[in-house]
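Asks: Below are the structure tokens for one structure; questions will follow.
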Amino acid sequence: MLLQRIANRGIRLGTLFERAAVRNGANVVILDHDLDIAPDLGRRATVAEIADLVDDFASRLWSAGVRPGRRVVVYKSNSFDITLLACAVARTGGVPVLLSPKLDGETVAELIRRTDEPFLVTDQEKLEQELPAEVFGLAHTVLLTKGGHPDGIGLAGLAGSPRIAPVTMPPEHPTLITHTSGTTGTPKLAVHTGRTLEARYRPQATVVRPLVPGRETIAMHVSFVHSRLITALAISLFRGFPILVLADSDPRHVGDLFARLRPGILEAHPNSFMEWEELAEDPRRPLANVKLFSSTFDAIHPRTVQTMLNASARRAPVFGQLYGQSEVGPAVVRSFSKRRGPDADGRCVGMPFPGFTDVRVVSRNGAPPSAENPGFIEVRSDGRIVTYLGEQERYDKQVNDGWWRMGDVGYRTRWGCVHLLDREVDVIEGFGSTLAAEDTLFARLADLAEVVIIPGPDGRPVPVVCTKDDRPLDRTAWRAAAAGLPPMADPVQWKLGELPATATTKIKRLELARRLAAAEDGGAGR
């Protein structure tokens with residue numbers, strides 16, 4: 001894609017904060033938590049101070065033996081320092097491999113095995129409570145951000161190491177490895193280069209500038225191990241936006257912060273926005289100053305979009321939705337305004353970025369793709385990862401003449417708008433779009449906190465529902481809301497915290513279906 005390629009020197013992750021500090025060194029980064037690697041820094045720091053912290057820890061990693069091209073797995077308790085450590089590793093020329101704190105120890109051990117004797121950055125809590133002892137044999141060296149272990153080296157003890165000059169690797173060289181959501185099994189390791197990350201940054205920065213021409217405080221609640229956070233940070237840092245980084249999405253906590261700091265931009269996962277719907281009723285109006293709501297990862301329910309927009313007091317607020325994937329970055333964009341009601345088609349995820357990305361829909365059965373006969377959604381973008389680490393054959397199966405198969409089914413309208421109907425693995429033949437049905441139920445039932453339609457043990461669609469404050473589901477209201485939808489089994493009510501979720505808060509539908517079947521068989525599914 002031409003506009004992604006022109007003068008693409010790579011995102012240069014290792015000097016991201018340093019370059020931003022040259023432009024906007026006094027700009028602030030506010031945290032809702034203490035950093036494990038720098039607890040004395042406090043919860044408010046300048047970009048210049050953060051840049052110095054990255055430089056400091058790059059020198060400590062270098063002192064520990066990290067060198068250009070060496071992989072460094074970061075698997076530690078949840079904190080923004082996961083992202084800062086990624087920048088520090090990249091500053092040495094090493095390749096950070098970011099693993100979600102939510103992954104279980106056995107899965108982490110398997111992913112460490114795939115990375116071929118990497119350095120492992122972790123902490124005492126993870127070593128004692130999550131990781132199996134075998135990781136000491138799988139990793140070259142174990143480094144700790146907090147606590148101690150007789151077989152590990154504490155990064156705190158390497159304070160004062162001589163500072164090193166940043167190592168800038170070629171733009172086509174791997175610069176970051178993240179993992180996929182793992183909704184269909186063991187996560188895959190996605191290899192990003194400096195060039196592919198820069199290719200993702202450009203369309204997003206281009207879209208944001210006209211929507212937010214001035215300086216606004218941006219609040220982010222995005223997984224610290226996701227590539228999306230890197231591009232969102234780059235946009236914010238170079239624009240000089242004050243940044244609020246959230247580790248905790250609890251609405252009461254978030255409401256307190258937003259009421260005090262009045263962010264003008266919110267970047268979060270779709271499920272986080274769903275969780276924050278109650279903030280629209282907060283008398284302090286914590287969402288009143290938001291000009292731009294931004295969400296990626298999954299299409300978002302129209303009810304949530306409209307609730308957010310109606311809570312803003314800004315003139316013409318916008319909800320921007322990006323449809324993409326860890327492997328390709330954002331591919332399609334759509335904006336919502338207050339003029340679009342809660343009954344807007346939530347399956348319409350938008351149009352490709354002109355000059356940056358392209359999308360096509362390929363037939364599954366020889367017939368033209370349509371709403372009744374969805375096809376495979378494929379994307380072309382220079383933001384596409386270069387491989388799955390250790391699984392090249394699996395990667396190659398998803399590429400066809402430069403087109404990347406997304407694993408979703410849908411169709412395009414005659415105007416070119418992309419409609420996402422389901423994940424390939426979640427299609428319930430004869431039912432239609434489960435996502436569209438879920439949108440309808442959300443629009444009709446204000447008390448829903450989550451609804452996921454999955455195939456039951458007998459193949460019938462089963463709606464698993466969660467309500468706000470775990471109130472009992474109103475069965476009469478449910479029957480009225482489900483009227484006109486394809487036939488389903490009776491709803492099964494679970495608590496929201498019981499649903500298996502990924503690092504980006506997506507529900508693991510296949511795992512949920514397995515647990516539901518186990519529960520019905522009298523097993524330990526719940």
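The chains in the structure tokens are called A, B, ... from first to last as shown; in each chain the residues are counted from 1, and the ligands are counted from 1 in the order shown.
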Considering only C-alpha atoms, tabulate each residue of stretch 13-47 of chain A that lies at most 10 Å from stretch 53-63 of chain A along with its nearest interatomic pair and the corresponding distance in Å to one decimal; arrange the rows by chain and ascending residue number and present them as CSV.
Replies:
residue,atom,partner,partner_atom,distance
A:Gly14,CA,A:Val54,CA,8.2
A:Thr15,CA,A:Asp55,CA,8.8
A:Leu16,CA,A:Val54,CA,9.7
A:Phe17,CA,A:Val54,CA,7.9
A:Glu18,CA,A:Asp55,CA,8.5
A:Ile37,CA,A:Phe57,CA,8.8
A:Ala38,CA,A:Leu53,CA,8.2
A:Leu41,CA,A:Leu53,CA,9.3
A:Val47,CA,A:Leu53,CA,9.7
Asks: Write the residues of the preceding selection, restricted to N, CA and C atoms, as a compact mmCIF listing (two decimals), in the first residue's frame.
Replies:
# COMPACT_ATOMS: atom_id res chain seq x y z
N GLY A 14 12.80 1.63 20.24
CA GLY A 14 13.75 1.90 21.30
C GLY A 14 13.97 3.36 21.61
N THR A 15 13.71 4.24 20.64
CA THR A 15 13.89 5.69 20.86
C THR A 15 12.57 6.44 20.82
N LEU A 16 11.47 5.73 20.95
CA LEU A 16 10.15 6.35 20.85
C LEU A 16 9.99 7.48 21.88
N PHE A 17 10.25 7.20 23.15
CA PHE A 17 10.08 8.21 24.19
C PHE A 17 11.17 9.28 24.09
N GLU A 18 12.36 8.90 23.70
CA GLU A 18 13.45 9.87 23.57
C GLU A 18 13.13 10.91 22.50
N ILE A 37 9.06 -1.55 38.22
CA ILE A 37 10.48 -1.31 38.01
C ILE A 37 10.93 0.04 38.58
N ALA A 38 9.97 0.91 38.89
CA ALA A 38 10.33 2.24 39.40
C ALA A 38 9.24 2.74 40.34
N LEU A 41 9.06 6.45 41.26
CA LEU A 41 8.78 7.46 40.25
C LEU A 41 7.45 8.15 40.52
N VAL A 47 7.41 13.09 30.03
CA VAL A 47 7.89 12.22 28.96
C VAL A 47 9.41 12.10 29.03
Asks: Please return as number ranges by chain: the residues of stretch 51-219 of chain A that backbone DSSP assigns to strand (DSSP E).
Replies: A: 71-74, 95-98, 119-122, 141-144, 153-154, 174-179, 189-193, 218-219
Asks: Would you mind reading off the distance between atom CA of A:Pro461 and atom CA of A:Leu485, one decimal, in Å?
Replies: 11.4 Å
Asks: Return as JSON, numbers by chain the full set of residues in stretch 65-145 of chain A whose backbone-based DSSP assignment is helix (DSSP H, G or I).
Replies: {"A": [81, 82, 83, 84, 85, 86, 87, 88, 89, 90, 91, 105, 106, 107, 108, 109, 110, 111, 112, 113, 114, 124, 125, 126, 127, 128, 129, 135, 136, 137, 138]}
Asks: Could you write out that same residue set with N, CA and C atoms as a PDB file, in the first residue's frame?
Replies:
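Saved to again.pdb:
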ATOM      1  N   ASP A  81       4.846  -0.870  32.945  1.00  0.00           N
ATOM      2  CA  ASP A  81       6.269  -1.100  32.711  1.00  0.00           C
ATOM      3  C   ASP A  81       6.512  -2.274  31.769  1.00  0.00           C
ATOM      4  N   ILE A  82       5.507  -3.079  31.478  1.00  0.00           N
ATOM      5  CA  ILE A  82       5.635  -4.098  30.426  1.00  0.00           C
ATOM      6  C   ILE A  82       5.971  -3.416  29.103  1.00  0.00           C
ATOM      7  N   THR A  83       5.224  -2.369  28.779  1.00  0.00           N
ATOM      8  CA  THR A  83       5.459  -1.623  27.544  1.00  0.00           C
ATOM      9  C   THR A  83       6.793  -0.897  27.591  1.00  0.00           C
ATOM     10  N   LEU A  84       7.129  -0.315  28.738  1.00  0.00           N
ATOM     11  CA  LEU A  84       8.400   0.405  28.853  1.00  0.00           C
ATOM     12  C   LEU A  84       9.585  -0.550  28.739  1.00  0.00           C
ATOM     13  N   LEU A  85       9.445  -1.759  29.264  1.00  0.00           N
ATOM     14  CA  LEU A  85      10.507  -2.750  29.121  1.00  0.00           C
ATOM     15  C   LEU A  85      10.668  -3.173  27.669  1.00  0.00           C
ATOM     16  N   ALA A  86       9.555  -3.228  26.928  1.00  0.00           N
ATOM     17  CA  ALA A  86       9.651  -3.520  25.494  1.00  0.00           C
ATOM     18  C   ALA A  86      10.495  -2.464  24.792  1.00  0.00           C
ATOM     19  N   CYS A  87      10.263  -1.201  25.142  1.00  0.00           N
ATOM     20  CA  CYS A  87      11.057  -0.112  24.557  1.00  0.00           C
ATOM     21  C   CYS A  87      12.530  -0.242  24.961  1.00  0.00           C
ATOM     22  N   ALA A  88      12.779  -0.617  26.214  1.00  0.00           N
ATOM     23  CA  ALA A  88      14.156  -0.769  26.695  1.00  0.00           C
ATOM     24  C   ALA A  88      14.871  -1.904  25.977  1.00  0.00           C
ATOM     25  N   VAL A  89      14.173  -3.029  25.790  1.00  0.00           N
ATOM     26  CA  VAL A  89      14.766  -4.150  25.050  1.00  0.00           C
ATOM     27  C   VAL A  89      15.101  -3.719  23.628  1.00  0.00           C
ATOM     28  N   ALA A  90      14.153  -3.041  22.966  1.00  0.00           N
ATOM     29  CA  ALA A  90      14.386  -2.590  21.591  1.00  0.00           C
ATOM     30  C   ALA A  90      15.554  -1.609  21.515  1.00  0.00           C
ATOM     31  N   ARG A  91      15.770  -0.846  22.582  1.00  0.00           N
ATOM     32  CA  ARG A  91      16.873   0.118  22.596  1.00  0.00           C
ATOM     33  C   ARG A  91      18.232  -0.582  22.576  1.00  0.00           C
ATOM     34  N   GLY A 105       0.769 -20.425  33.305  1.00  0.00           N
ATOM     35  CA  GLY A 105       2.186 -20.746  33.281  1.00  0.00           C
ATOM     36  C   GLY A 105       2.572 -21.787  32.252  1.00  0.00           C
ATOM     37  N   GLU A 106       1.744 -22.809  32.054  1.00  0.00           N
ATOM     38  CA  GLU A 106       2.070 -23.855  31.083  1.00  0.00           C
ATOM     39  C   GLU A 106       2.090 -23.300  29.666  1.00  0.00           C
ATOM     40  N   THR A 107       1.130 -22.431  29.356  1.00  0.00           N
ATOM     41  CA  THR A 107       1.113 -21.801  28.031  1.00  0.00           C
ATOM     42  C   THR A 107       2.345 -20.930  27.842  1.00  0.00           C
ATOM     43  N   VAL A 108       2.706 -20.184  28.882  1.00  0.00           N
ATOM     44  CA  VAL A 108       3.900 -19.333  28.804  1.00  0.00           C
ATOM     45  C   VAL A 108       5.143 -20.177  28.569  1.00  0.00           C
ATOM     46  N   ALA A 109       5.243 -21.300  29.262  1.00  0.00           N
ATOM     47  CA  ALA A 109       6.395 -22.177  29.086  1.00  0.00           C
ATOM     48  C   ALA A 109       6.500 -22.661  27.644  1.00  0.00           C
ATOM     49  N   GLU A 110       5.369 -22.998  27.046  1.00  0.00           N
ATOM     50  CA  GLU A 110       5.383 -23.433  25.642  1.00  0.00           C
ATOM     51  C   GLU A 110       5.829 -22.306  24.721  1.00  0.00           C
ATOM     52  N   LEU A 111       5.364 -21.092  24.976  1.00  0.00           N
ATOM     53  CA  LEU A 111       5.751 -19.955  24.132  1.00  0.00           C
ATOM     54  C   LEU A 111       7.224 -19.599  24.336  1.00  0.00           C
ATOM     55  N   ILE A 112       7.733 -19.743  25.555  1.00  0.00           N
ATOM     56  CA  ILE A 112       9.164 -19.529  25.801  1.00  0.00           C
ATOM     57  C   ILE A 112       9.974 -20.557  25.016  1.00  0.00           C
ATOM     58  N   ARG A 113       9.482 -21.796  24.994  1.00  0.00           N
ATOM     59  CA  ARG A 113      10.175 -22.863  24.259  1.00  0.00           C
ATOM     60  C   ARG A 113      10.297 -22.486  22.779  1.00  0.00           C
ATOM     61  N   ARG A 114       9.251 -21.875  22.231  1.00  0.00           N
ATOM     62  CA  ARG A 114       9.277 -21.497  20.808  1.00  0.00           C
ATOM     63  C   ARG A 114      10.274 -20.380  20.513  1.00  0.00           C
ATOM     64  N   GLN A 124       8.897 -12.244  41.070  1.00  0.00           N
ATOM     65  CA  GLN A 124       8.799 -13.323  42.060  1.00  0.00           C
ATOM     66  C   GLN A 124       7.402 -13.922  42.096  1.00  0.00           C
ATOM     67  N   GLU A 125       6.393 -13.071  42.008  1.00  0.00           N
ATOM     68  CA  GLU A 125       5.010 -13.565  42.065  1.00  0.00           C
ATOM     69  C   GLU A 125       4.727 -14.544  40.937  1.00  0.00           C
ATOM     70  N   LYS A 126       5.136 -14.211  39.729  1.00  0.00           N
ATOM     71  CA  LYS A 126       4.894 -15.105  38.592  1.00  0.00           C
ATOM     72  C   LYS A 126       5.692 -16.402  38.721  1.00  0.00           C
ATOM     73  N   LEU A 127       6.918 -16.293  39.213  1.00  0.00           N
ATOM     74  CA  LEU A 127       7.737 -17.489  39.387  1.00  0.00           C
ATOM     75  C   LEU A 127       7.140 -18.431  40.434  1.00  0.00           C
ATOM     76  N   GLU A 128       6.590 -17.880  41.486  1.00  0.00           N
ATOM     77  CA  GLU A 128       6.069 -18.707  42.576  1.00  0.00           C
ATOM     78  C   GLU A 128       4.650 -19.194  42.342  1.00  0.00           C
ATOM     79  N   GLN A 129       3.852 -18.417  41.604  1.00  0.00           N
ATOM     80  CA  GLN A 129       2.435 -18.748  41.485  1.00  0.00           C
ATOM     81  C   GLN A 129       1.995 -19.223  40.113  1.00  0.00           C
ATOM     82  N   VAL A 135      10.959 -23.419  33.317  1.00  0.00           N
ATOM     83  CA  VAL A 135      11.325 -22.209  32.587  1.00  0.00           C
ATOM     84  C   VAL A 135      12.795 -21.858  32.795  1.00  0.00           C
ATOM     85  N   PHE A 136      13.377 -22.285  33.912  1.00  0.00           N
ATOM     86  CA  PHE A 136      14.795 -21.992  34.145  1.00  0.00           C
ATOM     87  C   PHE A 136      15.682 -22.756  33.168  1.00  0.00           C
ATOM     88  N   GLY A 137      15.183 -23.879  32.674  1.00  0.00           N
ATOM     89  CA  GLY A 137      15.922 -24.612  31.652  1.00  0.00           C
ATOM     90  C   GLY A 137      15.625 -24.138  30.246  1.00  0.00           C
ATOM     91  N   LEU A 138      14.485 -23.474  30.079  1.00  0.00           N
ATOM     92  CA  LEU A 138      14.089 -22.986  28.755  1.00  0.00           C
ATOM     93  C   LEU A 138      14.659 -21.608  28.453  1.00  0.00           C
TER      94      LEU A 138
END
Asks: Excluding A:Phe241 and its own-chain neighbours fewer than 2 positions away, which residues fall within 8 Å of it when counting only C-alpha atoms? Please give them as a PyMOL selection string.
Replies: chain A and resi 27+215-218+236-239+243
Asks: Write out as a ChimeraX atom specification the residues lying within 6 Å of A:Met220, counting only C-alpha atoms and excluding same-chain residues fewer than 6 positions away.
Replies: /A:245-246,267-268
Asks: Name the residues in contact with stretch 197-213 of chain A at a cut-off of 7 Å, using only C-alpha atoms, excluding same-chain residues fewer than 2 positions from it; report them as a ChimeraX atom specification.
Replies: /A:4,8,10-11,192-195,231,235,329-330,353,356,382-383
Asks: Using the selection just defined, write its residues with N, CA and C atoms as a PDB file, in the first residue's frame.
Replies:
ATOM      1  N   GLN A   4       1.756   3.612   2.909  1.00  0.00           N
ATOM      2  CA  GLN A   4       2.426   2.968   4.029  1.00  0.00           C
ATOM      3  C   GLN A   4       3.921   2.780   3.765  1.00  0.00           C
ATOM      4  N   ASN A   8       9.355   4.914   4.666  1.00  0.00           N
ATOM      5  CA  ASN A   8       9.066   4.166   5.894  1.00  0.00           C
ATOM      6  C   ASN A   8      10.385   3.700   6.502  1.00  0.00           C
ATOM      7  N   GLY A  10      10.647   2.765   9.675  1.00  0.00           N
ATOM      8  CA  GLY A  10      10.359   1.934  10.844  1.00  0.00           C
ATOM      9  C   GLY A  10       9.975   2.786  12.043  1.00  0.00           C
ATOM     10  N   ILE A  11       9.278   2.191  12.976  1.00  0.00           N
ATOM     11  CA  ILE A  11       8.747   2.963  14.107  1.00  0.00           C
ATOM     12  C   ILE A  11       9.825   3.296  15.137  1.00  0.00           C
ATOM     13  N   HIS A 192       6.504  -8.681  14.405  1.00  0.00           N
ATOM     14  CA  HIS A 192       6.386  -7.356  13.798  1.00  0.00           C
ATOM     15  C   HIS A 192       7.785  -6.811  13.508  1.00  0.00           C
ATOM     16  N   THR A 193       7.909  -6.057  12.440  1.00  0.00           N
ATOM     17  CA  THR A 193       9.146  -5.327  12.173  1.00  0.00           C
ATOM     18  C   THR A 193       8.910  -3.840  12.416  1.00  0.00           C
ATOM     19  N   GLY A 194      10.001  -3.077  12.432  1.00  0.00           N
ATOM     20  CA  GLY A 194       9.842  -1.633  12.546  1.00  0.00           C
ATOM     21  C   GLY A 194       9.003  -1.076  11.423  1.00  0.00           C
ATOM     22  N   ARG A 195       9.166  -1.644  10.229  1.00  0.00           N
ATOM     23  CA  ARG A 195       8.437  -1.149   9.051  1.00  0.00           C
ATOM     24  C   ARG A 195       6.954  -1.484   9.131  1.00  0.00           C
ATOM     25  N   THR A 231       1.215   1.836  18.743  1.00  0.00           N
ATOM     26  CA  THR A 231       0.835   2.868  17.771  1.00  0.00           C
ATOM     27  C   THR A 231       0.024   3.979  18.429  1.00  0.00           C
ATOM     28  N   ILE A 235       1.228   8.021  18.434  1.00  0.00           N
ATOM     29  CA  ILE A 235       0.384   9.145  18.019  1.00  0.00           C
ATOM     30  C   ILE A 235       0.298  10.182  19.135  1.00  0.00           C
ATOM     31  N   GLY A 329      -3.001  -5.352  11.920  1.00  0.00           N
ATOM     32  CA  GLY A 329      -3.310  -4.015  12.400  1.00  0.00           C
ATOM     33  C   GLY A 329      -4.675  -3.580  11.926  1.00  0.00           C
ATOM     34  N   PRO A 330      -5.013  -2.304  12.094  1.00  0.00           N
ATOM     35  CA  PRO A 330      -6.331  -1.811  11.652  1.00  0.00           C
ATOM     36  C   PRO A 330      -6.425  -1.809  10.137  1.00  0.00           C
ATOM     37  N   PHE A 353      -8.829   2.116   4.754  1.00  0.00           N
ATOM     38  CA  PHE A 353      -8.146   3.401   4.764  1.00  0.00           C
ATOM     39  C   PHE A 353      -7.667   3.703   3.345  1.00  0.00           C
ATOM     40  N   PHE A 356      -4.020   3.190   2.034  1.00  0.00           N
ATOM     41  CA  PHE A 356      -3.266   2.464   3.058  1.00  0.00           C
ATOM     42  C   PHE A 356      -3.601   0.975   3.093  1.00  0.00           C
ATOM     43  N   ASP A 382       0.472  -3.285   4.391  1.00  0.00           N
ATOM     44  CA  ASP A 382       1.894  -3.408   4.712  1.00  0.00           C
ATOM     45  C   ASP A 382       2.121  -3.518   6.215  1.00  0.00           C
ATOM     46  N   GLY A 383       1.057  -3.384   6.993  1.00  0.00           N
ATOM     47  CA  GLY A 383       1.169  -3.572   8.429  1.00  0.00           C
ATOM     48  C   GLY A 383       1.138  -5.031   8.846  1.00  0.00           C
TER      49      GLY A 383
END
Asks: Report as a PyMOL selection string all protein, DNA and RNA residues lying within 9 Å of A:Asp470, evaluated on only C-alpha atoms, omitting residues in the same chain fewer than 4 positions from it.
Replies: chain A and resi 449+466+493-496
